[in-house]
Structure formats: C-alpha cells, structure tokens
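**Student:** One structure follows; several queries about it will come next.
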Amino acid sequence: MEPLRMETENLTVHYGKSVGVRNVSLPVYDRKITALIGPSGCGKTTFLRALNRMHDLNPIVRIEGRVRLDGEDLYAPGVDPVAIRRRVGMVFQRPTPFPTMSIFENVVAGLRLVGVRDRERLMGVAERSLKAAALWDEVKDRLHEPAVGLSGGQQQRISIARALAVEPEVLLMDEPTSALDPISTQAIEDLLAGLKEQVTIVIVTHNMQQAARVSDYTAFFLNGDMIEFGPTERLFTNPSDPRTEAYITGRFG
Amino acid sequence: MREALDRDLNRITEHFLRMVSLVREQLQLATAGLVEQDVERAKAAVRLDREVDALELEIENEVLAAIARHQPVARDLRFLATVLKALTDLERAGDYAAHVAEDALALAGEPPLKKYIVLGEMAERIETMLDLIAKAIAERDLHAAQRVLKIDDDVDDLYEQIVRELLTYMMEDPRTLSKALALMRVARSYERLGDHLENIAERVFFWLTGRLEGAGDEG
C-alpha cells in the first residue's frame with residue numbers, strides 16, 4: 001500500500017439543510033496526484049475545499065467526519081486554520097495574481113504575510129518557486145514588472161508558484177486549467193508531473209482526459225457521493241461501477 | 001459527441017462482422033474444394049483472401065481514427081483494443097483457409113486417399129466457432145464467446161484423431177505418403193485456424209468483462 005499523506009473518514013459537508021458531500025472516505029497518497037471527477041454539482045469542489053478548511057468562513061456550512069493530514073485531525077479543537085492552509089495550499093480555477101503587485105511580490109506574498117523580511121531569502125524562494133512552476137525562464141528578467149501583464153497561462157503558473165512558495169505538503173487544485181488555452185493547459189499538466197515529486201496533489205477537473213493523463217488515482221463523485229475510487233488506469237479501462245462507466249464514456253443522462 | 005463515437009463503433013462492428021463472414025465463406029469454399037474436389041470453389045477461396053486482407057487494413061484505419069477522434073475509455077476502449085488485436089487473428093484465420101484451398105487444388109487431380117469425414121467435421125466445428133464469434137460481438141454475448149473455447153478443444157481432439165489415422169495409412173502403404181502428408185498439412189491448417197478463433201474469443205471475453213484471464217473457467 002502507498003503511504004498516506006491525507007485521508008478523509010466519513011466526511012459529510014452540510015450546506016444549510018442540504019448535503020453537499022455525503023460520507024466520503026478517501027485516501028490521499030503521498031506525492032501522488034489524485035483527481036476528483038464528476039458532473040457539475042456532484043460535490044467534488046465542496047469536498048476539495050473541506051480539505052484545507054476553506055468552508056470555515058461560511059456560516060451555513062457544517063462538517064462531519066474526519067480530515068486527517070499526517071494522521072492529525074484538521075477539524076480538532078485548537079487547530080489553527082491559517083497554519084493548515086500553509087500546509088495544504090490551493091490553486092483556483094482562474095489565475096489570481098494580486099493586481100497591484102509585481103511578479104516577485106506575488107510569489108512571495110505568502111511569506112511576507114508570515115513576517116519573512118529577509119530580501120535575499122525571499123529572492124531565493126521566488127526563484128525556487130518560479131522554477132518549480134516552470135516559469136522562471138520566462139519571467140526572470142522582469143520580476144519587478146506587474147504580474148497582470150502576463151498571459152493567462154503564465155498568471156496561473158504565478159498562482160502555483162505562490163502556493164508553492166510556502167512549501168505546502170499538499171496542493172489542492174480546483175480546475176486549474178479550465179480558463180486556459182490548450183498550450184497553457186499542456187504546460188500546467190507537464191508541470192504537475194514534475195511537481196508531484198515534492199508535493200502531494202489533489203486536483204478537481206471537468207476534463208476527463210486530463211484526469212486520465214495526469215493523475216495516479218481517480219475518485220468519481222455523483223450527487224454528493226463518492227461512487228468509485230481507484231488507480232486511474234484501472235478506473236479508465238475497467239471501472240467497477242456502472243455509473244462510473246456511464247459517466248466516463250459519455251453515456252450519462 | 002457520444003453519438004459520433006457510437007456511429008464509428010457501429011461501423012467498425014459491421015465491418016468486423018463482414019470480415020468474419022468472408023472468412024466463413026472462404027472456409028466453406030476451401031472445404032468444398034477439398035471434399036468434393038471442386039477446383040473452381042477452391043480457387044474462389046484463394047481469391048477471397050485479398051478481400052479479407054483489404055478489409056483488415058480498412059478496419060485498422062477506422063479503429064485508429066476512432067481512437068484519435070474520441071479518446072475512448074472503459075468498455076469503448078476495450079472494444080477497440082479487442083478489434084485491433086482480433087483483426088490480426090482473423091486475417092491469419094483467412095490465410096489458413098486459403099492454405100486449405102491451395103492444398104485442395106494440389107490434391108484435386110488425383111483420386112482421394114479416403115473419404116474426408118473427420119476433416120469435414122473439423123471444418124464444421126470451425127464454422128460454428130465463426131458463427132459464435134459473430135454472435136458474441138453483435139449481441140455482446142459472453143456465453144457465445146466461452147462456447148468458442150470449448151469447441152476449439154473438440155477441434156484439437158479431431159486433429160489428433162486425423163494425425164493418428166494418417167500415420168496408420170503411411171505406415172501400411174508408403175505410396176500414400178505424399179497425399180497423407182498433404183492431408184496432414186490441411187488438418188494442421190484447420191487446427192491453427194481454430195487456435196486463432198480461440199484467441200479472438202478470449203479478446204471478446206476481455207472486452208465484455210475487463211478481465212484478461214479466466215475466459216475458459218466458466219460458461
């Protein structure tokens with residue numbers, strides 16, 4: 001069995017009176033890419049956001065069950081959600097550069113927030129993170145220009161570099177390429193293959209071919225339930241549940 | 001997009017079934033050429049081989065195009081992989097039917113060594129195997145695929161029987177040697193043909209179940 005980095009146990013997410021995710025127990029293996037697939041509204045993004053307590057600020061959301069990182073329950077009393085988000089980073093669907101900041105300032109924003117002031121150290125982190133995000137060569141000569149001047153694909157890689165700068169253990173990605181063109185999408189997918197040597201990745205994607213291409217494990221969600229979880233190759237060649245089969249072959253509805 | 005994929009899959013299925021029925025026709029003509037010493041039908045069996053080969057290429061191109069256009073997964077992917085692998089076996093099956101026809105042509109000029117009863121039985125069993133393969137593919141009939149494997153065991157038994165019989169002829173009368181050897185080759189062609197059909201049935205089992213092994217375990 002692969003070593004675990006995270007896991008959920010009977011995780012249920014309530015939205016007011018309705019249920020977004022029901023009783024999901026999912027292993028997240030260390031330095032592997034786990035893809036969450038399923039139709040719109042199936043609960044995959046709701047599930048993802050529960051993995052680093054992004055629902056905390058929403059008063060109508062209630063969480064039941066366990067989310068563990070390295071065996072430790074993230075929802076136990078006394079756990080600091082800000083500390084959790086440093087260990088479990090998030091990259092969103094649309095690139096989120098801070099508009100008034102330079103490329104450099106964007107990448108090190110997370111470190112600034114926790115009080116790192118040492119210019120040399122920040123520069124070192126920026127270079128390492130931009131290299132990990134496969135962006136260094138494209139921006140190294142204009143680190144102090146505004147990040148909003150970059151293309152969409154480059155901006156998304158800035159968002160990834162910023163998430164990597166705080167050295168998270170896990171990176172959550174919510175449809176990171178859905179706003180990008182095919183070339184930028186390919187750049188991000190290539191990047192993921194290299195990134196997983198350092199960081200565990202959980203990615204929500206609408207693009208099944210993308211899940212098949214980049215992930216090691218895939219979980220299929222439907223109406224808030226996790227229908228099937230398994231090695232990606234197995235799930236895409238021989239799914240065990242007929243609902244998974246129907247979804248991935250496009251026979252749905 | 002699902003509709004477009006279904007259209008492509010249906011066309012590939014139709015063409016594959018057509019190839020199965022061409023090989024069946026080839027086998028019937030070759031066997032008639034042999035048993036009834038009918039030169040014309042034996043020649044027709046040899047000619048059909050070109051049609052089988054052309055169809056193989058056409059289907060291969062259709063499968064590659066369907067993969068490129070639709071990036072199929074799960075059962076669709078297994079179906080296309082099954083067709084791609086089964087094509088080679090089916091083309092080889094056609095070759096063996098043509099070999100039988102060629103041997104029939106060589107044997108046609110002279111009185112037969114004996115009545116070809118067991119060879120005829122082998123040919124009949126193989127025809128049934130082809131029919132069952134067509135049924136298994138057209139109706140996704142797992143049981144039909146598994147019956148093909150059972151019948152191939154019969155074909156192998158009949159092959160052993162013929163070999164023993166022909167050896168007896170050869171030992172009793174060396175003048176039968178060249179004819180008996182030709183018939184030995186014919187029996188071998190039928191036996192090989194059956195093996196290729198068995199391979200196809202195993203691929204169909206994989207398509208329908210997702211399992212590469214265990215096709216012969218039940219059914």
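Letters A, B, ... mark the chains of the structure tokens in the order given; residue numbers begin at 1 per chain; ligand numbers begin at 1, in order shown.
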How would you write, as a CSV table (one decimal) with N, CA, C and O atoms, in the first residue's frame, the set of residues in range 134-231 of chain A that DSSP gives as alpha helix (DSSP H)?

**Tutor:**
```csv
chain,number,residue,atom,x,y,z
A,136,TRP,N,10.3,30.3,-14.5
A,136,TRP,CA,11.5,31.1,-14.2
A,136,TRP,C,12.1,31.7,-15.5
A,136,TRP,O,12.3,32.9,-15.6
A,137,ASP,N,12.3,30.8,-16.4
A,137,ASP,CA,13.0,31.3,-17.7
A,137,ASP,C,12.2,32.4,-18.4
A,137,ASP,O,12.8,33.3,-19.0
A,138,GLU,N,10.9,32.4,-18.3
A,138,GLU,CA,10.0,33.3,-19.0
A,138,GLU,C,10.0,34.7,-18.3
A,138,GLU,O,9.7,35.7,-18.9
A,139,VAL,N,10.2,34.7,-16.9
A,139,VAL,CA,10.0,35.9,-16.2
A,139,VAL,C,11.2,36.5,-15.5
A,139,VAL,O,11.2,37.5,-14.9
A,152,GLY,N,-2.6,34.5,-19.5
A,152,GLY,CA,-3.4,33.7,-18.6
A,152,GLY,C,-2.7,32.5,-18.1
A,152,GLY,O,-2.7,32.2,-16.9
A,153,GLY,N,-2.0,31.8,-19.0
A,153,GLY,CA,-1.3,30.6,-18.6
A,153,GLY,C,-0.1,30.9,-17.6
A,153,GLY,O,0.1,30.2,-16.6
A,154,GLN,N,0.6,32.0,-17.9
A,154,GLN,CA,1.7,32.4,-17.0
A,154,GLN,C,1.1,32.9,-15.7
A,154,GLN,O,1.7,32.6,-14.6
A,155,GLN,N,0.0,33.6,-15.7
A,155,GLN,CA,-0.6,34.0,-14.4
A,155,GLN,C,-1.0,32.8,-13.6
A,155,GLN,O,-0.9,32.8,-12.4
A,156,GLN,N,-1.5,31.8,-14.2
A,156,GLN,CA,-1.9,30.6,-13.5
A,156,GLN,C,-0.6,29.9,-12.9
A,156,GLN,O,-0.6,29.5,-11.7
A,157,ARG,N,0.5,30.0,-13.6
A,157,ARG,CA,1.7,29.4,-13.0
A,157,ARG,C,2.2,30.3,-11.9
A,157,ARG,O,2.9,29.8,-11.0
A,158,ILE,N,2.0,31.6,-12.0
A,158,ILE,CA,2.3,32.5,-10.9
A,158,ILE,C,1.5,32.1,-9.6
A,158,ILE,O,2.1,32.0,-8.5
A,159,SER,N,0.2,31.8,-9.8
A,159,SER,CA,-0.6,31.3,-8.7
A,159,SER,C,0.0,30.1,-8.1
A,159,SER,O,0.0,29.9,-6.9
A,160,ILE,N,0.4,29.2,-9.0
A,160,ILE,CA,1.0,27.9,-8.5
A,160,ILE,C,2.3,28.2,-7.8
A,160,ILE,O,2.6,27.7,-6.7
A,161,ALA,N,3.2,29.1,-8.3
A,161,ALA,CA,4.4,29.4,-7.7
A,161,ALA,C,4.2,30.0,-6.3
A,161,ALA,O,4.9,29.7,-5.3
A,162,ARG,N,3.1,30.9,-6.2
A,162,ARG,CA,2.8,31.5,-4.9
A,162,ARG,C,2.4,30.4,-3.9
A,162,ARG,O,2.8,30.5,-2.7
A,163,ALA,N,1.6,29.5,-4.4
A,163,ALA,CA,1.2,28.4,-3.5
A,163,ALA,C,2.4,27.5,-3.0
A,163,ALA,O,2.4,27.1,-1.9
A,164,LEU,N,3.3,27.4,-3.9
A,164,LEU,CA,4.5,26.5,-3.6
A,164,LEU,C,5.5,27.2,-2.7
A,164,LEU,O,6.3,26.6,-2.0
A,165,ALA,N,5.5,28.6,-2.7
A,165,ALA,CA,6.5,29.3,-2.0
A,165,ALA,C,6.5,29.0,-0.5
A,165,ALA,O,7.5,29.1,0.1
A,182,PRO,N,-5.1,25.4,-24.9
A,182,PRO,CA,-4.5,24.1,-24.9
A,182,PRO,C,-3.0,24.1,-24.6
A,182,PRO,O,-2.5,23.3,-23.9
A,183,ILE,N,-2.3,25.1,-25.2
A,183,ILE,CA,-0.8,25.2,-24.9
A,183,ILE,C,-0.5,25.4,-23.5
A,183,ILE,O,0.3,24.7,-22.9
A,184,SER,N,-1.2,26.4,-22.9
A,184,SER,CA,-1.0,26.7,-21.4
A,184,SER,C,-1.4,25.5,-20.6
A,184,SER,O,-0.8,25.2,-19.6
A,185,THR,N,-2.5,24.8,-21.0
A,185,THR,CA,-3.0,23.7,-20.3
A,185,THR,C,-1.9,22.6,-20.3
A,185,THR,O,-1.6,22.0,-19.3
A,186,GLN,N,-1.3,22.4,-21.5
A,186,GLN,CA,-0.3,21.4,-21.5
A,186,GLN,C,0.9,21.7,-20.7
A,186,GLN,O,1.5,20.9,-20.0
A,187,ALA,N,1.2,23.0,-20.6
A,187,ALA,CA,2.4,23.5,-19.8
A,187,ALA,C,2.1,23.1,-18.3
A,187,ALA,O,2.9,22.6,-17.6
A,188,ILE,N,0.8,23.4,-17.9
A,188,ILE,CA,0.5,23.1,-16.5
A,188,ILE,C,0.5,21.6,-16.2
A,188,ILE,O,1.0,21.1,-15.2
A,189,GLU,N,0.0,20.8,-17.2
A,189,GLU,CA,-0.1,19.4,-17.0
A,189,GLU,C,1.4,18.8,-16.9
A,189,GLU,O,1.6,17.9,-16.1
A,190,ASP,N,2.3,19.3,-17.7
A,190,ASP,CA,3.7,18.9,-17.7
A,190,ASP,C,4.3,19.2,-16.3
A,190,ASP,O,5.0,18.5,-15.7
A,191,LEU,N,3.9,20.4,-15.9
A,191,LEU,CA,4.4,20.9,-14.6
A,191,LEU,C,3.9,20.0,-13.4
A,191,LEU,O,4.7,19.6,-12.5
A,192,LEU,N,2.7,19.5,-13.5
A,192,LEU,CA,2.2,18.6,-12.4
A,192,LEU,C,3.0,17.4,-12.3
A,192,LEU,O,3.3,16.9,-11.2
A,193,ALA,N,3.4,16.8,-13.4
A,193,ALA,CA,4.1,15.5,-13.4
A,193,ALA,C,5.4,15.7,-12.6
A,193,ALA,O,5.9,14.8,-11.9
A,194,GLY,N,6.1,16.9,-12.8
A,194,GLY,CA,7.3,17.2,-12.1
A,194,GLY,C,7.1,17.5,-10.6
A,194,GLY,O,7.8,17.1,-9.7
A,195,LEU,N,6.0,18.3,-10.4
A,195,LEU,CA,5.7,18.8,-9.0
A,195,LEU,C,5.4,17.6,-8.0
A,195,LEU,O,5.7,17.7,-6.8
A,208,MET,N,-12.1,14.9,-18.4
A,208,MET,CA,-11.8,13.5,-18.0
A,208,MET,C,-10.5,13.1,-18.6
A,208,MET,O,-9.7,12.3,-18.0
A,209,GLN,N,-10.2,13.5,-19.8
A,209,GLN,CA,-8.9,13.1,-20.4
A,209,GLN,C,-7.8,13.7,-19.6
A,209,GLN,O,-6.7,13.0,-19.5
A,210,GLN,N,-8.0,14.9,-19.0
A,210,GLN,CA,-6.9,15.4,-18.2
A,210,GLN,C,-6.7,14.6,-17.0
A,210,GLN,O,-5.6,14.2,-16.6
A,211,ALA,N,-7.8,14.1,-16.3
A,211,ALA,CA,-7.6,13.2,-15.2
A,211,ALA,C,-6.9,12.0,-15.6
A,211,ALA,O,-6.0,11.5,-14.9
A,212,ALA,N,-7.3,11.4,-16.8
A,212,ALA,CA,-6.6,10.2,-17.2
A,212,ALA,C,-5.1,10.4,-17.5
A,212,ALA,O,-4.3,9.6,-17.2
A,213,ARG,N,-4.8,11.6,-18.0
A,213,ARG,CA,-3.4,11.9,-18.4
A,213,ARG,C,-2.5,12.2,-17.2
A,213,ARG,O,-1.4,11.7,-17.1
A,214,VAL,N,-3.0,13.0,-16.2
A,214,VAL,CA,-2.1,13.4,-15.2
A,214,VAL,C,-2.2,12.7,-13.8
A,214,VAL,O,-1.2,12.7,-13.1
```

**Student:** May I have a table of the residues of chain B lying at most 9 Å from chain A, giving each one's closest pair of atoms and their distance in Å to one decimal, counting only C-alpha atoms, ordered by chain and ascending residue number, as CSV?

**Tutor:**
```
residue,atom,partner,partner_atom,distance
B:Met1,CA,A:Gly250,CA,8.1
B:Arg2,CA,A:Gly250,CA,5.9
B:Gln71,CA,A:Gln209,CA,7.7
B:Pro72,CA,A:Thr249,CA,7.0
B:Val73,CA,A:Phe236,CA,5.6
B:Ala74,CA,A:Thr237,CA,4.1
B:Arg75,CA,A:Thr237,CA,7.0
B:Asp76,CA,A:Thr249,CA,7.3
B:Leu77,CA,A:Thr237,CA,6.9
B:Arg78,CA,A:Thr237,CA,7.0
B:Thr209,CA,A:Asn238,CA,8.3
B:Gly210,CA,A:Asn238,CA,5.6
B:Arg211,CA,A:Asn238,CA,8.6
```

**Student:** If we count only C-alpha atoms, what is near Ala93 in chain B at a cut-off of 9 Å, once residues fewer than 6 positions away on the same chain are taken out, given as a count of residues only?

**Tutor:** 9

**Student:** Can you pull out the residues contacting Asp216 in chain A? Cut-off 9 Å, using only C-alpha atoms, and skip same-chain residues under 4 positions away; I want them as a ChimeraX atom specification.

**Tutor:** /A:32-35,211-212,230-233

**Student:** For the strand (DSSP E or B) assignment from backbone DSSP, which residues of range 76-180 of chain A qualify? Please present them as a list in words.

**Tutor:**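 Across range 76-180 of chain A, those assigned strand (DSSP E or B) are Val88, Gly89, Met90, Val91, Ser102, Pro146, Val170, Leu171, Leu172, Met173 and Asp174 of chain A.
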
**Student:** In Å, rounded to a single decimal, give me how far CA of Tyr217 in chain A is from CA of Tyr75 in chain A.

**Tutor:**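 Between CA of Tyr75 in chain A and CA of Tyr217 in chain A the gap works out to 24.8 Å.
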
**Student:** Hey, can you check how far CA of Asn61 in chain B sits from CA of Arg18 in chain B?

**Tutor:**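 About the pair CA of Asn61 in chain B and CA of Arg18 in chain B: they are 15.8 Å apart.
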
**Student:** For Gln161 in chain B, please output as a PyMOL selection string all residues within 10 Å (counting only C-alpha atoms; exclusion window: fewer than 6 positions along the same chain).

**Tutor:** chain B and resi 118-119+155

**Student:** Quick one: write out the picked residues with C-alpha atoms as an mmCIF file, in the first residue's frame?

**Tutor:**
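Below is the file that was written, part_7.cif:
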```
data_model
loop_
_atom_site.group_PDB
_atom_site.id
_atom_site.type_symbol
_atom_site.label_atom_id
_atom_site.label_comp_id
_atom_site.auth_asym_id
_atom_site.auth_seq_id
_atom_site.Cartn_x
_atom_site.Cartn_y
_atom_site.Cartn_z
ATOM 1 C CA VAL B 118 -13.058 -36.054 -39.941
ATOM 2 C CA LEU B 119 -11.660 -33.091 -41.882
ATOM 3 C CA VAL B 155 -11.135 -29.278 -32.965
#
```

**Student:** Quote the spacing between CA of Ala76 in chain A and CA of Asn58 in chain A in Å to one decimal place.

**Tutor:** 17.8 Å
